[in-house]
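Trainee: One structure, as structure tokens, below. Some questions next.
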Amino acid sequence: MTIIDNAVPAIEIIDVCKQYGDKLAVDHMDLVVKRGELFAFLGPNGAGKTTTIKMLCGLLFPSSGSIKICGYDLKTQGDQARRLISYVPDLPFLYEKLTGREFLEFIGDVYGMQRDLIAQKIIEVNKLFGLEDFIDDLTERYSHGMRQRMVFASALLHEPEVLVVDEPTVGLDPKSVRKLKDVLRNQADQGKAIFLSSHSLDIVEEVADRIGIIFQGRLVACGSLESLRDQSETGGSLEEVFLKMTHEKLEQDEKF
């Protein structure tokens, strides 16, 4: 059984490095995400976002440093830590020979949930994500938007403490995007930690409590939008802040 200490941060990334041969993909990263926080993680392609997310989900281990989920070290206490995480990847994966309902039941079994609780939670996520019209169809017939909704439903089934979401709005229509933003905000308001990676800066600007920018493996800025504007000496949109900070950093690096 995983015991949760509510006084401990949801995510702690402590002096983490990840090296592939001669390349340092993540460079001495320190980051804390609190419960009830919707944290957005931004960076250009190749900056180290995917590597960080994989380490955060326990799919990779740091070369040095440590990552803790609700106080549990992902390397030494992985079973306890991973029970508290859900990960929604950018490309939703489903077992195509299962119906949506069977897929949700399978996910509940993986997390060791009791059958009556699984049935209750399926009713809840069914209503939340509007799955009624296709939950008993084979998932191989699902459109991208239907797959995305089903993956989100499965991610919330066991009520994770930490939800890691990678590019969730790709291929979604405006109504689904609005619903997704409401769900993420609601989860954070319930005390869950949301770690959101996205290139949709307008959405991040609308929903995020705090924003981190990674560039060439380093966390070059972190804070609220207002604090990032101060750091970048830019009073404009998040897009303007992001471009200025990453371009300036590139220009500084090229001088050496």
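Ordering of the structure tokens sets the chain letters (A, B, ...), residue numbers begin anew at 1 in every chain, and ligands are numbered from 1 in the order given.
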As an MDAnalysis selection string, please: the residues near Phe39 in chain A (cut-off 6 Å, only C-alpha atoms, same-chain neighbours under 3 positions excluded).
Mentor: chainID A and resid 194:195 208 210:211
Trainee: Nearest to Gln80 in chain A: which of A:Lys68, A:Arg149, A:Asp189, A:Phe103 is it, counting only C-alpha atoms?
Mentor: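 Result for the nearest residue to Gln80 in chain A: A:Lys68.
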Trainee: Within 9 Å of Val170 in chain A, counting only C-alpha atoms, which residues qualify if same-chain residues fewer than 3 places away don't, as an mmCIF file with C-alpha atoms, in the first residue's frame?
Mentor:
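Result file is result.cif:
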```cif
data_model
loop_
_atom_site.group_PDB
_atom_site.id
_atom_site.type_symbol
_atom_site.label_atom_id
_atom_site.label_comp_id
_atom_site.auth_asym_id
_atom_site.auth_seq_id
_atom_site.Cartn_x
_atom_site.Cartn_y
_atom_site.Cartn_z
ATOM 1 C CA ASP A 90 1.079 12.631 -27.349
ATOM 2 C CA LEU A 91 0.052 9.578 -29.389
ATOM 3 C CA HIS A 144 -8.232 10.283 -32.881
ATOM 4 C CA GLY A 145 -10.482 12.442 -30.717
ATOM 5 C CA GLU A 167 0.739 17.498 -26.161
ATOM 6 C CA ASP A 173 -11.716 19.955 -32.107
#
```
Trainee: When distances are computed from only C-alpha atoms, which of A:Ile14, A:Met150, A:Ala25, A:Leu172 shows the smallest separation from Asp133 in chain A?
Mentor: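 Result for the nearest residue to Asp133 in chain A: A:Met150.
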Trainee: If I take CA of Val162 in chain A and CA of Leu196 in chain A, how far is one from the other in Å, to one decimal?
Mentor: 10.7 Å
Trainee: Mind pulling up the distance from CA of Ala188 in chain A to CA of Leu38 in chain A?
Mentor: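 Between CA of Leu38 in chain A and CA of Ala188 in chain A the gap works out to 6.0 Å.
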Trainee: I need the residues of range 14-252 of chain A that end up classed as strand (DSSP E or B) by DSSP on the backbone, written out as a ChimeraX atom specification.
Mentor: /A:14-20,23-33,38-42,64-69,72-73,85-88,99,138,162-166,193-197,210-215,218-223
Trainee: List as number ranges by chain the protein and nucleic acid residues near range 69-74 of chain A, meaning an atom at most 10 Å away when only C-alpha atoms are counted, but skip any in the same chain fewer than 3 places from it.
Mentor: A: 2-13, 33-35, 55-62, 66, 77-85, 161-162, 193
Trainee: Counting only C-alpha atoms, figure out which residue out of A:Gly217, A:Val183, A:Ile203, A:Ala40 gets nearest to Lys18 in chain A.
Mentor: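 Using only C-alpha atoms, Lys18 in chain A sits closest to A:Gly217.
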Trainee: For the alpha helix (DSSP H) assignment from backbone DSSP, which residues of range 4-232 of chain A qualify? Please present them as a JSON list (two decimals) with C-alpha atoms, in the first residue's frame.
Mentor:
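As written to disk, states-v6.json reads:
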```
[["chain", "number", "residue", "atom", "x", "y", "z"],
["A", 49, "LYS", "CA", 11.36, 17.77, -22.70],
["A", 50, "THR", "CA", 10.74, 14.18, -23.75],
["A", 51, "THR", "CA", 13.71, 12.87, -21.77],
["A", 52, "THR", "CA", 12.49, 14.73, -18.68],
["A", 53, "ILE", "CA", 8.97, 13.35, -19.09],
["A", 54, "LYS", "CA", 10.25, 9.79, -19.51],
["A", 55, "MET", "CA", 12.30, 10.12, -16.33],
["A", 56, "LEU", "CA", 9.34, 11.62, -14.51],
["A", 78, "GLY", "CA", 9.40, 2.69, -8.11],
["A", 79, "ASP", "CA", 6.39, 0.49, -7.31],
["A", 80, "GLN", "CA", 5.01, 2.99, -4.79],
["A", 81, "ALA", "CA", 5.81, 6.03, -6.95],
["A", 82, "ARG", "CA", 4.34, 4.71, -10.20],
["A", 100, "GLY", "CA", -13.49, 0.92, -24.50],
["A", 101, "ARG", "CA", -15.16, -0.59, -21.45],
["A", 102, "GLU", "CA", -12.87, -3.63, -21.52],
["A", 103, "PHE", "CA", -9.85, -1.33, -21.83],
["A", 104, "LEU", "CA", -10.91, 0.64, -18.76],
["A", 105, "GLU", "CA", -11.52, -2.59, -16.83],
["A", 106, "PHE", "CA", -8.03, -3.75, -17.82],
["A", 107, "ILE", "CA", -6.48, -0.50, -16.58],
["A", 108, "GLY", "CA", -8.36, -0.85, -13.28],
["A", 109, "ASP", "CA", -7.03, -4.41, -12.90],
["A", 110, "VAL", "CA", -3.47, -3.22, -13.58],
["A", 115, "ARG", "CA", -14.15, -4.67, -9.42],
["A", 116, "ASP", "CA", -16.99, -2.71, -7.86],
["A", 117, "LEU", "CA", -14.79, 0.39, -7.66],
["A", 118, "ILE", "CA", -13.76, -0.06, -11.30],
["A", 119, "ALA", "CA", -17.42, -0.20, -12.33],
["A", 120, "GLN", "CA", -18.17, 2.94, -10.31],
["A", 121, "LYS", "CA", -15.21, 4.86, -11.77],
["A", 122, "ILE", "CA", -16.13, 3.81, -15.32],
["A", 123, "ILE", "CA", -19.55, 5.40, -14.80],
["A", 124, "GLU", "CA", -17.85, 8.61, -13.61],
["A", 125, "VAL", "CA", -15.32, 8.91, -16.45],
["A", 126, "ASN", "CA", -17.98, 7.85, -18.95],
["A", 127, "LYS", "CA", -20.01, 10.88, -17.95],
["A", 128, "LEU", "CA", -17.03, 13.20, -17.63],
["A", 129, "PHE", "CA", -15.64, 12.52, -21.10],
["A", 144, "HIS", "CA", -8.23, 10.28, -32.88],
["A", 145, "GLY", "CA", -10.48, 12.44, -30.72],
["A", 146, "MET", "CA", -12.30, 9.39, -29.33],
["A", 147, "ARG", "CA", -8.96, 7.73, -28.58],
["A", 148, "GLN", "CA", -7.74, 10.83, -26.78],
["A", 149, "ARG", "CA", -10.85, 10.95, -24.61],
["A", 150, "MET", "CA", -10.55, 7.26, -23.77],
["A", 151, "VAL", "CA", -6.87, 7.60, -22.84],
["A", 152, "PHE", "CA", -7.69, 10.52, -20.54],
["A", 153, "ALA", "CA", -10.50, 8.52, -18.98],
["A", 154, "SER", "CA", -8.14, 5.62, -18.32],
["A", 155, "ALA", "CA", -5.52, 7.99, -16.87],
["A", 156, "LEU", "CA", -7.97, 9.34, -14.29],
["A", 174, "PRO", "CA", -12.37, 23.24, -30.22],
["A", 175, "LYS", "CA", -15.13, 21.72, -28.07],
["A", 176, "SER", "CA", -12.85, 18.88, -26.96],
["A", 177, "VAL", "CA", -10.01, 21.30, -26.25],
["A", 178, "ARG", "CA", -12.33, 23.37, -24.04],
["A", 179, "LYS", "CA", -13.41, 20.23, -22.19],
["A", 180, "LEU", "CA", -9.81, 19.16, -21.72],
["A", 181, "LYS", "CA", -8.82, 22.52, -20.24],
["A", 182, "ASP", "CA", -11.74, 22.32, -17.82],
["A", 183, "VAL", "CA", -10.77, 18.77, -16.77],
["A", 184, "LEU", "CA", -7.13, 19.71, -16.16],
["A", 185, "ARG", "CA", -8.11, 22.77, -14.15],
["A", 186, "ASN", "CA", -10.61, 20.75, -12.13],
["A", 187, "GLN", "CA", -8.02, 18.07, -11.35],
["A", 188, "ALA", "CA", -5.60, 20.70, -10.09],
["A", 189, "ASP", "CA", -8.33, 22.33, -8.01],
["A", 201, "LEU", "CA", 1.29, 28.46, -25.90],
["A", 202, "ASP", "CA", -2.11, 30.14, -25.94],
["A", 203, "ILE", "CA", -3.58, 27.22, -23.99],
["A", 204, "VAL", "CA", -0.66, 27.22, -21.55],
["A", 205, "GLU", "CA", -1.07, 30.95, -21.05],
["A", 206, "GLU", "CA", -4.73, 30.41, -20.18],
["A", 207, "VAL", "CA", -4.49, 27.45, -17.78],
["A", 225, "LEU", "CA", 3.69, 34.25, -16.50],
["A", 226, "GLU", "CA", 4.18, 37.61, -14.81],
["A", 227, "SER", "CA", 7.53, 36.53, -13.34],
["A", 228, "LEU", "CA", 8.65, 35.21, -16.73],
["A", 229, "ARG", "CA", 7.74, 38.55, -18.26],
["A", 230, "ASP", "CA", 9.93, 40.23, -15.64],
["A", 231, "GLN", "CA", 12.80, 37.79, -16.22],
["A", 232, "SER", "CA", 12.66, 38.30, -19.99]]
```
Trainee: I'd like to know which of A:Glu96, A:Leu238, A:Thr246, A:Ser64 is closest to Gln19 in chain A, using only C-alpha atoms.
Mentor: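 Going through A:Glu96, A:Leu238, A:Thr246, A:Ser64 one by one, the smallest distance to Gln19 in chain A is for A:Ser64.
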Trainee: Have a look at A:Tyr87, A:Leu42, A:Val164, A:Val32 and name the one nearest to Ile214 in chain A; count only C-alpha atoms.
Mentor: A:Leu42
Trainee: Which distance in Å separates CA of Gly191 in chain A and CA of Leu163 in chain A, to one decimal?
Mentor: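 Atom-to-atom, CA of Gly191 in chain A and CA of Leu163 in chain A are spaced 11.2 Å apart.
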Trainee: Have a look at A:Lys244, A:Asp30, A:Cys222, A:Phe215 and name the one nearest to Asn45 in chain A; count only C-alpha atoms.
Mentor: A:Phe215
